[in-house]
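Peer 1: I have a structure here, written as structure tokens, and I will follow up with some questions on it.
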Amino acid sequence: MIYFDNSATTKPYPEVIESFMKVTSDYFGNPSSLHGLGVQSEKLLSAARKQIADLLKVKSSEIYFTSGGTEGNNLAIKGAAHSQGNRGKHIITTAIEHPSVEDACQSLTRMGYEITYLPVNEFGQIDVTDLKDALREDTILVSVMHVNNEVGSIQPIAEVGKLLKQYPNVLFHVDNVQGTGKVSLSLREANVDLCTISGHKVHGLKGTGILYVREGVRVDPLFHGGNQETKIRSGTENVAGIVALSKALRISMNNQLLYHDKLQQIKTYLYKGLKEMDGVLVNSPEEGAPHIVNFSVPGLKSEVLLHALESEGIYVSTTSACSSKKRTVSKTVDAMFHHSARSESVIRISTTYGNELEEAMQVLAAIQKIVANLEKIMRVAK
């Protein structure tokens with residue numbers, strides 16, 4: 001098996017599973033309980049929070065634990081909107097955000113909020129000038145993802161942060177689910193107010209996540225109840241999952257330092273090989289994230305090619321895993337190229353530090369063989 005669908009989810013590190021099992025078995029107390037077992041759990045929770053804060057170079061008090069990227073994005077966007085709604089109801093985002101950002105923004109329109117969607121160029125990037133032109137007196141939030149989950153384009157987050165520093169009443173949210181552990185981002189230097197991270201994208205466990213909330217920023221909670229996470233996110237904390245997440249993040253960020261060049265080498269090999277292949281169009285920018293290569297074979301449906309690769313023991317994906325079962329058209333590729341045949345035949349390859357160049361060679365050879373065979377069948381059928 002060759003698993004090249006790491007942007008959908010990653011396999012947990014063995015150390016992560018060991019940590020989870022240890023904490024689940026030995027430190028199962030509720031961290032809000034006053035007895036010894038509860039105090040032990042609370043200490044582990046605090047230690048994990050500090051480790052994550054140190055890794056992200058922020059304060060422990062700015063780290064909030066969630067169930068993952070979708071909750072984090074909803075909490076950031078809706079929480080910020082509700083807390084700032086008396087000042088304005090205008091939000092700016094991009095045309096290629098993850099469904100959890102797009103749908104969260106859409107839900108706010110039913111409450112009277114207005115959303116501006118910034119276009120992207122053929123490299124999948126926004127123009128900061130467009131953002132500046134879109135800012136208004138009633139703008140309360142700008143939400144821009146760091147690394148696009150479908151094509152791997154990298155947004156100019158530092159430039160956006162520099163611009164928004166001139167607008168202190170506008171909050172800046174970054175969905176960093178795909179960038180964490182792959183593309184460096186300083187939350188402080190980029191003036192980010194809110195940032196979303198998901199555990200299962202960095203070899204942690206599903207159902208774990210982080211929302212960074214800069215000190216002084218107020219967001220209204222989505223959940224009400226026991227007032228955990230300083231009233232931002234009620235619900236008994238998943239201590240074992242959070243401890244496992246802190247370990248996963250530490251290992252992934254260390255692997256980024258050790259193996260970034262290897263990951264980039266695999267991407268470059270795939271990118272150049274696909275570029276030279278007849279009938280194939282590469283959608284990912286060459287200067288994008290080192291772990292994502294997105295391509296199309298116009299005329300071939302994504303699902304057909306995906307299952308043909310699966311029959312060879314190769315696992316890839318079509319669009320975002322969160323939307324792949326609902327639609328086959330890539331809104332990101334469509335926004336970049338405005339080409340329906342191209343956006344209907346998308347395949348995403350996504351790697352991680354455990355993948356090898358030899359695997360990429362096998363995948364490229366399989367794609368070439370399958371595409372040639374499928375095109376031959378299509379010609380005969382016509």
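Chains: A, B, ... in order of the structure tokens. Residues: from 1 per chain. Ligands: from 1, in order shown.
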Excluding Ala365 of chain A and residues on its chain fewer than 2 positions from it, collect all residues at most 12 Å away from it, counting only C-alpha atoms, and give them as a ChimeraX atom specification.
Peer 2: /A:269-270,273-274,277,309,312,314,358-363,367-372
Peer 1: Taking the DSSP assignment computed from this structure's backbone, write out as an NGL selection string all residues of segment 38-272 of chain A that belong to strand (DSSP E or B).
Peer 2: :A and (63-66 or 90-94 or 114-118 or 139-143 or 147 or 154 or 171-175 or 194-198 or 209-213)
Peer 1: What is the distance, in Å and to one decimal place, between atom CA of Met145 of chain A and atom CA of Leu45 of chain A?
Peer 2: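 Spanning atom CA of Met145 of chain A to atom CA of Leu45 of chain A is a straight-line distance of 27.9 Å.
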Peer 1: Between A:His200, A:Lys43, A:Lys331, A:His90, which is the closest to Val23 of chain A once you count only C-alpha atoms?
Peer 2: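 Nearest candidate to Val23 of chain A out of A:His200, A:Lys43, A:Lys331, A:His90: A:Lys43.
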Peer 1: Check the smallest atom-to-atom distance from each of A:Ala289, A:Leu56, A:Ile63, A:Ala248 to Gln155 of chain A using only C-alpha atoms, then report the winner.
Peer 2: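 Residue with the minimum atom-to-atom distance to Gln155 of chain A: A:Ala289.
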